[in-house]
>>> print(open('entry_2.cif').read())   # mmCIF, C-alpha atoms
data_structure
#
loop_
_atom_site.label_atom_id
_atom_site.label_comp_id
_atom_site.auth_asym_id
_atom_site.auth_seq_id
_atom_site.Cartn_x
_atom_site.Cartn_y
_atom_site.Cartn_z
CA MET M 1 27.42 25.88 -200.99
CA ASN M 2 24.02 24.47 -200.07
CA PRO M 3 22.17 22.15 -202.47
CA PRO M 4 19.16 23.57 -204.34
CA THR M 5 15.72 22.96 -202.90
CA TYR M 6 13.59 21.53 -205.68
CA THR M 7 9.86 22.12 -206.10
CA ARG M 8 9.62 19.18 -208.52
CA ALA M 9 11.40 15.81 -208.67
CA ALA M 10 12.60 16.37 -205.11
CA ALA M 11 13.09 12.61 -204.69
CA LEU M 12 15.37 12.29 -207.72
CA PRO M 13 18.69 13.06 -205.95
CA GLY M 14 17.92 10.30 -203.46
CA ILE M 15 17.10 7.85 -206.24
CA LEU M 16 20.39 8.69 -207.95
CA ARG M 17 22.26 7.82 -204.77
CA GLN M 18 20.53 4.45 -204.62
CA ARG M 19 20.64 3.19 -208.21
CA LEU M 20 21.46 3.98 -211.80
CA VAL M 21 18.70 5.98 -213.50
CA ILE M 22 17.72 5.22 -217.10
CA LEU M 23 17.16 7.96 -219.68
CA ASP M 24 15.25 7.22 -222.87
CA GLY M 25 16.68 6.89 -226.37
CA ALA M 26 16.44 8.73 -229.67
CA MET M 27 13.16 10.42 -230.58
CA GLY M 28 14.31 11.15 -234.15
CA THR M 29 15.33 7.55 -234.79
CA MET M 30 11.91 6.33 -233.71
CA ILE M 31 10.06 8.96 -235.75
CA GLN M 32 11.97 7.83 -238.86
CA ARG M 33 10.55 4.34 -238.40
CA PHE M 34 7.03 5.69 -239.00
CA ARG M 35 8.10 6.88 -242.48
CA LEU M 36 5.69 9.79 -242.30
CA SER M 37 4.84 11.72 -245.46
CA GLU M 38 4.60 15.49 -245.85
CA ALA M 39 0.82 15.22 -245.47
CA GLN M 40 1.17 13.17 -242.29
CA TYR M 41 3.54 15.76 -240.81
CA ARG M 42 0.73 18.25 -241.42
CA GLY M 43 -1.74 16.07 -239.52
CA GLU M 44 -3.09 13.48 -241.93
CA GLY M 45 -4.01 10.27 -240.10
CA GLY M 46 -3.80 11.89 -236.67
CA PRO M 47 -6.46 12.11 -233.95
CA ASP M 48 -7.48 15.63 -235.07
CA ALA M 49 -6.71 15.21 -238.76
CA ALA M 50 -9.32 17.54 -240.22
CA ALA M 51 -8.43 20.49 -238.00
CA MET M 52 -4.67 20.00 -238.31
CA THR M 53 -4.56 19.51 -242.05
CA ALA M 54 -6.74 22.61 -242.49
CA ARG M 55 -4.56 24.62 -240.12
CA PHE M 56 -1.30 23.69 -241.83
CA ALA M 57 -2.47 23.30 -245.43
CA ASP M 58 -0.98 26.58 -246.63
CA LEU M 59 2.42 26.50 -244.97
CA PRO M 60 4.98 28.12 -247.31
CA LYS M 61 7.66 25.46 -246.77
CA ASP M 62 7.80 21.68 -246.58
CA VAL M 63 7.60 20.58 -242.95
CA LYS M 64 8.58 16.93 -243.31
CA GLY M 65 11.48 16.50 -240.90
CA ASN M 66 10.21 19.10 -238.44
CA ASN M 67 9.79 16.54 -235.67
CA GLU M 68 8.67 19.06 -233.07
CA LEU M 69 5.60 19.90 -235.18
CA LEU M 70 4.39 16.32 -234.64
CA SER M 71 3.57 17.13 -231.02
CA LEU M 72 0.75 19.26 -232.46
CA THR M 73 -0.21 17.36 -235.61
CA ARG M 74 0.50 13.74 -234.64
CA PRO M 75 0.47 13.49 -230.84
CA ASP M 76 -0.42 9.83 -231.27
CA VAL M 77 3.04 9.19 -232.77
CA ILE M 78 4.95 11.08 -230.06
CA GLY M 79 2.90 9.56 -227.24
CA ALA M 80 3.46 6.05 -228.60
CA ILE M 81 7.23 6.60 -228.72
CA HIS M 82 7.29 7.85 -225.12
CA GLU M 83 5.32 4.80 -223.98
CA GLN M 84 7.65 2.41 -225.78
CA TYR M 85 10.64 3.86 -223.93
CA LEU M 86 8.80 3.76 -220.61
CA ALA M 87 7.83 0.12 -221.20
CA ALA M 88 11.51 -0.61 -221.91
CA GLY M 89 12.44 0.69 -218.44
CA ALA M 90 13.23 4.38 -218.83
CA ASP M 91 12.95 6.54 -215.71
CA LEU M 92 13.45 9.85 -217.51
CA ILE M 93 11.57 10.75 -220.70
CA GLU M 94 12.76 13.64 -222.85
CA THR M 95 10.19 15.98 -224.34
CA ASN M 96 10.01 16.25 -228.12
CA THR M 97 11.48 19.75 -227.98
CA PHE M 98 15.10 19.48 -229.12
CA GLY M 99 14.43 21.99 -231.91
CA ALA M 100 11.42 23.75 -230.42
CA THR M 101 12.91 27.22 -230.11
CA THR M 102 11.97 30.24 -232.17
CA ILE M 103 15.52 30.16 -233.55
CA ALA M 104 15.38 26.58 -234.81
CA GLN M 105 11.78 26.89 -236.04
CA GLU M 106 12.70 29.86 -238.25
CA ASP M 107 14.02 27.26 -240.71
CA TYR M 108 10.40 26.18 -241.27
CA ALA M 109 8.85 29.67 -240.94
CA MET M 110 7.17 28.40 -237.76
CA ALA M 111 8.88 30.44 -235.05
CA GLY M 112 5.50 31.63 -233.80
CA LEU M 113 4.55 28.06 -232.88
CA ALA M 114 7.54 27.38 -230.63
CA ARG M 115 5.74 28.02 -227.35
CA GLU M 116 2.77 25.86 -228.37
CA MET M 117 5.11 23.05 -229.41
CA ASN M 118 6.86 23.06 -226.04
CA LEU M 119 3.64 23.15 -224.09
CA ALA M 120 2.10 20.29 -226.08
CA SER M 121 5.29 18.23 -225.95
CA ALA M 122 5.61 18.55 -222.19
CA ARG M 123 1.98 17.56 -221.70
CA LEU M 124 2.41 14.48 -223.90
CA ALA M 125 5.46 13.35 -221.93
CA ARG M 126 3.69 14.15 -218.65
CA ALA M 127 0.70 11.99 -219.59
CA ALA M 128 2.96 9.08 -220.56
CA CYS M 129 5.01 9.30 -217.36
CA ASP M 130 1.88 9.52 -215.21
CA LYS M 131 0.53 6.42 -216.93
CA PHE M 132 3.64 4.37 -216.14
CA SER M 133 4.66 5.78 -212.74
CA THR M 134 4.33 3.65 -209.63
CA PRO M 135 5.24 4.41 -206.00
CA ASP M 136 8.32 2.19 -206.37
CA LYS M 137 9.32 3.50 -209.80
CA PRO M 138 8.35 7.12 -210.45
CA ARG M 139 8.88 8.37 -213.99
CA TYR M 140 10.07 11.89 -214.71
CA VAL M 141 9.67 14.31 -217.62
CA ALA M 142 12.93 15.88 -218.78
CA GLY M 143 12.25 19.10 -220.66
CA ALA M 144 14.79 19.08 -223.49
CA LEU M 145 16.52 22.31 -224.57
CA GLY M 146 18.63 21.72 -227.67
CA PRO M 147 21.58 23.82 -228.87
CA THR M 148 19.76 25.56 -231.81
CA PRO M 149 21.34 25.58 -235.30
CA ARG M 150 23.24 28.80 -234.49
CA THR M 151 26.45 29.30 -232.52
CA ALA M 152 27.20 32.40 -230.48
CA SER M 153 30.96 31.75 -230.30
CA ILE M 154 31.94 30.87 -233.84
CA SER M 155 31.81 32.91 -237.02
CA PRO M 156 29.72 31.49 -239.87
CA ASP M 157 32.05 33.26 -242.32
CA VAL M 158 35.64 32.03 -242.64
CA ASN M 159 36.61 35.42 -244.03
CA ASP M 160 35.24 37.34 -241.03
CA PRO M 161 36.18 35.81 -237.68
CA GLY M 162 34.17 38.42 -235.81
CA ALA M 163 30.90 37.75 -237.61
CA ARG M 164 28.00 36.19 -235.69
CA ASN M 165 24.55 35.07 -236.80
CA ILE M 166 23.01 35.01 -233.31
CA SER M 167 23.39 37.04 -230.13
CA PHE M 168 23.32 36.03 -226.50
CA GLU M 169 20.17 38.09 -226.02
CA GLN M 170 18.37 36.32 -228.87
CA LEU M 171 19.30 32.95 -227.42
CA ARG M 172 18.25 34.00 -223.91
CA ALA M 173 14.83 35.16 -225.11
CA ALA M 174 14.23 31.97 -227.11
CA TYR M 175 15.27 29.72 -224.24
CA LEU M 176 13.16 31.67 -221.75
CA GLU M 177 10.04 31.16 -223.85
CA GLN M 178 10.87 27.47 -224.18
CA THR M 179 11.59 26.95 -220.50
CA LEU M 180 8.43 28.69 -219.31
CA ALA M 181 6.33 26.50 -221.62
CA LEU M 182 8.08 23.30 -220.50
CA ILE M 183 7.48 24.17 -216.86
CA GLU M 184 3.83 25.00 -217.54
CA GLY M 185 3.40 21.73 -219.43
CA GLY M 186 4.61 19.62 -216.51
CA ALA M 187 8.35 19.03 -216.89
CA ASP M 188 10.09 17.72 -213.76
CA VAL M 189 13.68 18.24 -214.91
CA LEU M 190 15.32 20.59 -217.42
CA LEU M 191 17.90 19.04 -219.75
CA VAL M 192 20.27 21.40 -221.58
CA GLU M 193 21.70 18.95 -224.06
CA THR M 194 24.02 18.30 -227.00
CA ILE M 195 26.01 21.41 -226.14
CA PHE M 196 28.58 22.23 -228.81
CA ASP M 197 28.92 25.92 -227.86
CA THR M 198 29.17 26.72 -224.17
CA LEU M 199 28.00 30.30 -224.76
CA ASN M 200 24.71 28.94 -226.12
CA ALA M 201 24.43 26.80 -223.00
CA LYS M 202 25.11 29.80 -220.78
CA ALA M 203 22.22 31.62 -222.46
CA ALA M 204 19.98 28.62 -221.72
CA LEU M 205 21.11 28.49 -218.09
CA PHE M 206 20.56 32.25 -217.70
CA ALA M 207 17.06 31.85 -219.13
CA ILE M 208 16.32 28.90 -216.84
CA ASP M 209 17.27 31.00 -213.83
CA GLU M 210 14.95 33.76 -215.07
CA ALA M 211 12.13 31.22 -215.47
CA PHE M 212 12.65 30.01 -211.92
CA GLU M 213 12.39 33.56 -210.65
CA GLN M 214 9.23 34.21 -212.65
CA THR M 215 7.44 30.99 -211.71
CA GLY M 216 8.70 30.28 -208.22
CA GLU M 217 9.56 26.76 -209.38
CA ARG M 218 13.01 25.18 -209.04
CA LEU M 219 13.62 22.09 -211.16
CA PRO M 220 16.72 19.91 -211.25
CA ILE M 221 18.99 20.76 -214.19
CA ILE M 222 21.00 18.27 -216.24
CA ILE M 223 23.73 19.71 -218.48
CA SER M 224 25.06 17.52 -221.30
CA GLY M 225 27.83 18.51 -223.69
CA THR M 226 28.99 16.81 -226.83
CA VAL M 227 32.60 16.11 -227.78
CA THR M 228 32.74 16.49 -231.53
CA ASP M 229 35.98 14.69 -232.41
CA ALA M 230 39.02 12.91 -231.04
CA SER M 231 40.49 16.19 -229.80
CA GLY M 232 38.24 15.81 -226.74
CA ARG M 233 36.74 19.27 -227.15
CA VAL M 234 33.32 20.71 -227.77
CA LEU M 235 32.97 22.53 -231.09
CA SER M 236 33.61 25.95 -229.52
CA GLY M 237 37.02 24.70 -228.37
CA GLN M 238 36.73 23.82 -224.70
CA THR M 239 38.04 20.64 -223.17
CA VAL M 240 35.66 18.64 -221.02
CA THR M 241 37.28 20.06 -217.89
CA ALA M 242 36.96 23.66 -219.11
CA PHE M 243 33.37 23.01 -220.12
CA TRP M 244 32.51 21.82 -216.62
CA TYR M 245 34.10 24.81 -214.92
CA SER M 246 32.14 27.10 -217.27
CA VAL M 247 28.74 25.71 -216.26
CA ARG M 248 29.13 24.43 -212.71
CA HIS M 249 27.81 27.72 -211.26
CA ALA M 250 24.32 26.54 -212.28
CA GLN M 251 24.53 23.80 -209.62
CA PRO M 252 23.22 21.10 -211.97
CA LEU M 253 21.89 17.88 -210.55
CA ALA M 254 23.99 16.10 -213.17
CA VAL M 255 26.51 16.90 -215.86
CA GLY M 256 27.48 14.62 -218.70
CA LEU M 257 28.05 13.92 -222.36
CA ASN M 258 25.80 12.71 -225.15
CA CYS M 259 25.69 12.15 -228.90
CA ALA M 260 28.72 12.47 -231.18
CA LEU M 261 31.33 9.78 -230.76
CA GLY M 262 29.44 6.78 -229.43
CA ALA M 263 30.27 4.97 -226.21
CA ALA M 264 33.51 3.33 -227.29
CA LEU M 265 35.21 6.63 -228.12
CA MET M 266 33.47 8.57 -225.35
CA ARG M 267 35.06 6.66 -222.45
CA PRO M 268 38.14 8.86 -221.79
CA TYR M 269 35.99 12.00 -221.72
CA ILE M 270 33.46 10.51 -219.31
CA GLN M 271 36.40 9.45 -217.16
CA GLU M 272 37.73 13.01 -217.23
CA LEU M 273 34.36 14.50 -216.35
CA ALA M 274 33.80 12.05 -213.49
CA LYS M 275 37.19 13.06 -212.08
CA VAL M 276 36.74 16.84 -212.29
CA ALA M 277 33.11 16.86 -211.05
CA PRO M 278 33.31 14.66 -207.93
CA ASP M 279 30.40 16.43 -206.23
CA THR M 280 27.90 16.12 -209.11
CA PHE M 281 26.05 13.18 -210.63
CA ILE M 282 27.27 12.11 -214.09
CA SER M 283 25.07 11.36 -217.11
CA CYS M 284 26.01 9.60 -220.33
CA TYR M 285 23.82 8.82 -223.31
CA PRO M 286 25.90 8.05 -226.40
CA ASN M 287 24.97 7.41 -229.99
CA ALA M 288 24.73 3.81 -231.13
CA GLY M 289 28.26 4.03 -232.49
CA LEU M 290 29.28 6.09 -235.51
CA PRO M 291 26.83 6.97 -238.32
CA ASN M 292 26.18 4.50 -241.12
CA PRO M 293 23.59 5.62 -243.68
CA MET M 294 23.13 2.01 -244.81
CA SER M 295 21.90 0.89 -241.39
CA ASP M 296 18.20 0.70 -240.50
CA THR M 297 18.65 3.23 -237.70
CA GLY M 298 21.52 5.14 -239.33
CA PHE M 299 23.96 3.65 -236.82
CA ASP M 300 25.66 0.28 -236.54
CA GLU M 301 25.53 -0.74 -232.89
CA THR M 302 22.99 -3.32 -231.85
CA PRO M 303 21.38 -3.18 -228.39
CA GLU M 304 23.80 -5.87 -227.23
CA VAL M 305 26.85 -3.83 -228.23
CA THR M 306 25.66 -0.50 -226.85
CA SER M 307 24.51 -2.03 -223.56
CA ARG M 308 27.85 -3.84 -223.12
CA LEU M 309 29.76 -0.58 -223.57
CA VAL M 310 27.49 1.37 -221.21
CA HIS M 311 27.74 -1.49 -218.69
CA GLY M 312 31.49 -0.91 -218.73
CA PHE M 313 30.99 2.73 -217.71
CA ALA M 314 28.76 1.68 -214.84
CA ALA M 315 31.05 -1.13 -213.72
CA GLU M 316 33.91 1.37 -213.58
CA GLY M 317 31.85 3.61 -211.30
CA LEU M 318 31.70 6.53 -213.74
CA VAL M 319 27.99 7.23 -214.16
CA ASN M 320 24.63 7.79 -212.46
CA ILE M 321 22.32 8.37 -215.45
CA VAL M 322 22.59 6.33 -218.65
CA GLY M 323 20.59 6.15 -221.84
CA GLY M 324 20.92 6.52 -225.58
CA CYS M 325 21.16 9.21 -228.21
CA CYS M 326 21.06 8.95 -232.04
CA GLY M 327 20.41 5.47 -233.38
CA THR M 328 19.13 4.04 -230.10
CA THR M 329 15.68 2.49 -229.76
CA PRO M 330 13.56 0.99 -226.97
CA ASP M 331 15.44 -2.25 -227.54
CA HIS M 332 18.71 -0.43 -226.78
CA ILE M 333 17.25 1.18 -223.67
CA GLY M 334 15.82 -2.10 -222.43
CA ALA M 335 19.19 -3.79 -222.92
CA ILE M 336 20.99 -0.95 -221.10
CA ALA M 337 18.53 -1.13 -218.20
CA ARG M 338 19.08 -4.85 -217.81
CA ALA M 339 22.85 -4.54 -218.14
CA VAL M 340 23.31 -1.87 -215.48
CA GLY M 341 20.46 -2.89 -213.17
CA PRO M 342 22.61 -4.97 -210.79
CA LEU M 343 25.36 -2.33 -210.55
CA ALA M 344 25.81 0.43 -208.02
CA PRO M 345 25.69 4.07 -209.10
CA ARG M 346 28.74 6.30 -208.96
CA GLY M 347 29.25 7.67 -205.48
CA LEU M 348 29.79 11.36 -204.85
CA HIS M 349 32.57 13.06 -202.94
CA ALA M 350 31.73 13.54 -199.27
CA SER M 351 31.54 17.31 -199.71
CA GLY M 352 29.16 17.15 -202.68
CA PHE M 353 25.83 18.96 -202.99
CA TYR M 354 23.88 15.70 -203.00
CA ARG M 355 25.70 13.73 -200.33
CA GLU M 356 23.79 11.59 -197.89
CA ALA M 357 22.65 13.48 -194.82
CA ALA M 358 24.88 12.80 -191.86
#
>>> encode(input="entry_2.cif", output="structure tokens")
Amino acid sequence: MNPPTYTRAAALPGILRQRLVILDGAMGTMIQRFRLSEAQYRGEGGPDAAAMTARFADLPKDVKGNNELLSLTRPDVIGAIHEQYLAAGADLIETNTFGATTIAQEDYAMAGLAREMNLASARLARAACDKFSTPDKPRYVAGALGPTPRTASISPDVNDPGARNISFEQLRAAYLEQTLALIEGGADVLLVETIFDTLNAKAALFAIDEAFEQTGERLPIIISGTVTDASGRVLSGQTVTAFWYSVRHAQPLAVGLNCALGAALMRPYIQELAKVAPDTFISCYPNAGLPNPMSDTGFDETPEVTSRLVHGFAAEGLVNIVGGCCGTTPDHIGAIARAVGPLAPRGLHASGFYREAA
């Protein structure tokens, strides 16, 4: 099978062959540090405060905690976070769109704003990456597609195993709208992340393919699952190996794991994935350990601890893309970048999509 021909980030496969690539850390963790009020989520204190506060004054629900809204109301906050991660050494910056689907935004009665959120978020990340890019170190925007709060494979009712609260078609439509807006806003890469239900991910991948057909663009895809407990399975029941075989048809640039267990407990599953996907780059961006509500970031691991653990993955030759998920900050990303900088990336099998040209 021939490798995809990319219309954006065409140099990224070559960079991944040469060195480890650094993904940014947690957007939510950084937003929490601003301690924004309900009024600030609606635009107070932002660069367009009068217009935003007037626009969102009569929302029927509280919006504090709707981080994706901040791309519209407080772009100064989101832009500052992107720039902090870029200054720390990140090569890939995720858009503030983890929950920017119509499905997730229904919780705030803001489904109609999903497209605008994605477009604004991609443009903010694009501006930050353009500001920090150099010929020797290009920076890339990773358009983030989160899992939504619904699951297509699992019943929400223990008394009715066949019940579902979302359909494949609803997921496909939501992800298509999101993907088209991310592409329009300037994303270089599409990141289907924190996958706990592979059927949800398949809807996202189907929608991405539709978006490519509609736009004529072809962006690299990164697919990242999450192992939810020590069973080594995603929530919908698949092992890491089964998960990979379910999504490999999408020819992702990279496949990996994020969130959930933290690096220490994630190691055997990254090892498994690296073994079963020899022809594909591997990504890994763990939480800063396990949750601790008493910690400043909600997680215990310091930058020194997280970077040491991620260094171990790189030293073992398991990974190509590394970064951080929940609880990680620019300090964590900077420490990871320094720790893995001298190490070689994981090599691919000679028959892989992204092998060196003969």
>>> atom_distance(input="entry_2.cif", atom1="CA of Thr29 (chain M)", atom2="CA of Gly327 (chain M)")
5.7 Å
>>> resolve_selection(input="entry_2.cif", expression="the PyMOL selection byres ((chain M and resi 247-260) around 7)", output="PyMOL selection string")
chain M and resi 194+205+220-228+243-246+261-262+280-287+325-326
>>> write_last_selection(input="entry_2.cif", atoms="C-alpha atoms", output="CSV table (one decimal), keeping the file's coordinate frame")
chain,number,residue,atom,x,y,z
M,194,THR,CA,24.0,18.3,-227.0
M,205,LEU,CA,21.1,28.5,-218.1
M,220,PRO,CA,16.7,19.9,-211.2
M,221,ILE,CA,19.0,20.8,-214.2
M,222,ILE,CA,21.0,18.3,-216.2
M,223,ILE,CA,23.7,19.7,-218.5
M,224,SER,CA,25.1,17.5,-221.3
M,225,GLY,CA,27.8,18.5,-223.7
M,226,THR,CA,29.0,16.8,-226.8
M,227,VAL,CA,32.6,16.1,-227.8
M,228,THR,CA,32.7,16.5,-231.5
M,243,PHE,CA,33.4,23.0,-220.1
M,244,TRP,CA,32.5,21.8,-216.6
M,245,TYR,CA,34.1,24.8,-214.9
M,246,SER,CA,32.1,27.1,-217.3
M,261,LEU,CA,31.3,9.8,-230.8
M,262,GLY,CA,29.4,6.8,-229.4
M,280,THR,CA,27.9,16.1,-209.1
M,281,PHE,CA,26.0,13.2,-210.6
M,282,ILE,CA,27.3,12.1,-214.1
M,283,SER,CA,25.1,11.4,-217.1
M,284,CYS,CA,26.0,9.6,-220.3
M,285,TYR,CA,23.8,8.8,-223.3
M,286,PRO,CA,25.9,8.0,-226.4
M,287,ASN,CA,25.0,7.4,-230.0
M,325,CYS,CA,21.2,9.2,-228.2
M,326,CYS,CA,21.1,9.0,-232.0
>>> resolve_selection(input="entry_2.cif", expression="the PyMOL selection byres ((chain M and resi 150) around 12)", output="JSON, numbers by chain")
{"M": [99, 101, 102, 103, 104, 105, 106, 107, 146, 147, 148, 149, 151, 152, 153, 154, 155, 156, 164, 165, 166, 167, 168, 170, 171, 195, 196, 197, 199, 200, 201, 236]}
>>> resolve_selection(input="entry_2.cif", expression="the PyMOL selection byres ((chain M and resi 127) around 12)", output="number ranges by chain")
M: 75-76, 78-80, 82-83, 86, 93, 95, 120-126, 128-133, 139-141, 185-187
>>> residues_near_point(input="entry_2.cif", point="(20.7, 3.9, -234.1)", cutoff="10 Å", atoms="only C-alpha atoms", output="ChimeraX atom specification")
/M:25-26,28-30,287-292,295-303,306,324-329,332
>>> write_last_selection(input="entry_2.cif", atoms="C-alpha atoms", output="CSV table (one decimal), keeping the file's coordinate frame")
chain,number,residue,atom,x,y,z
M,25,GLY,CA,16.7,6.9,-226.4
M,26,ALA,CA,16.4,8.7,-229.7
M,28,GLY,CA,14.3,11.2,-234.2
M,29,THR,CA,15.3,7.6,-234.8
M,30,MET,CA,11.9,6.3,-233.7
M,287,ASN,CA,25.0,7.4,-230.0
M,288,ALA,CA,24.7,3.8,-231.1
M,289,GLY,CA,28.3,4.0,-232.5
M,290,LEU,CA,29.3,6.1,-235.5
M,291,PRO,CA,26.8,7.0,-238.3
M,292,ASN,CA,26.2,4.5,-241.1
M,295,SER,CA,21.9,0.9,-241.4
M,296,ASP,CA,18.2,0.7,-240.5
M,297,THR,CA,18.6,3.2,-237.7
M,298,GLY,CA,21.5,5.1,-239.3
M,299,PHE,CA,24.0,3.6,-236.8
M,300,ASP,CA,25.7,0.3,-236.5
M,301,GLU,CA,25.5,-0.7,-232.9
M,302,THR,CA,23.0,-3.3,-231.8
M,303,PRO,CA,21.4,-3.2,-228.4
M,306,THR,CA,25.7,-0.5,-226.8
M,324,GLY,CA,20.9,6.5,-225.6
M,325,CYS,CA,21.2,9.2,-228.2
M,326,CYS,CA,21.1,9.0,-232.0
M,327,GLY,CA,20.4,5.5,-233.4
M,328,THR,CA,19.1,4.0,-230.1
M,329,THR,CA,15.7,2.5,-229.8
M,332,HIS,CA,18.7,-0.4,-226.8
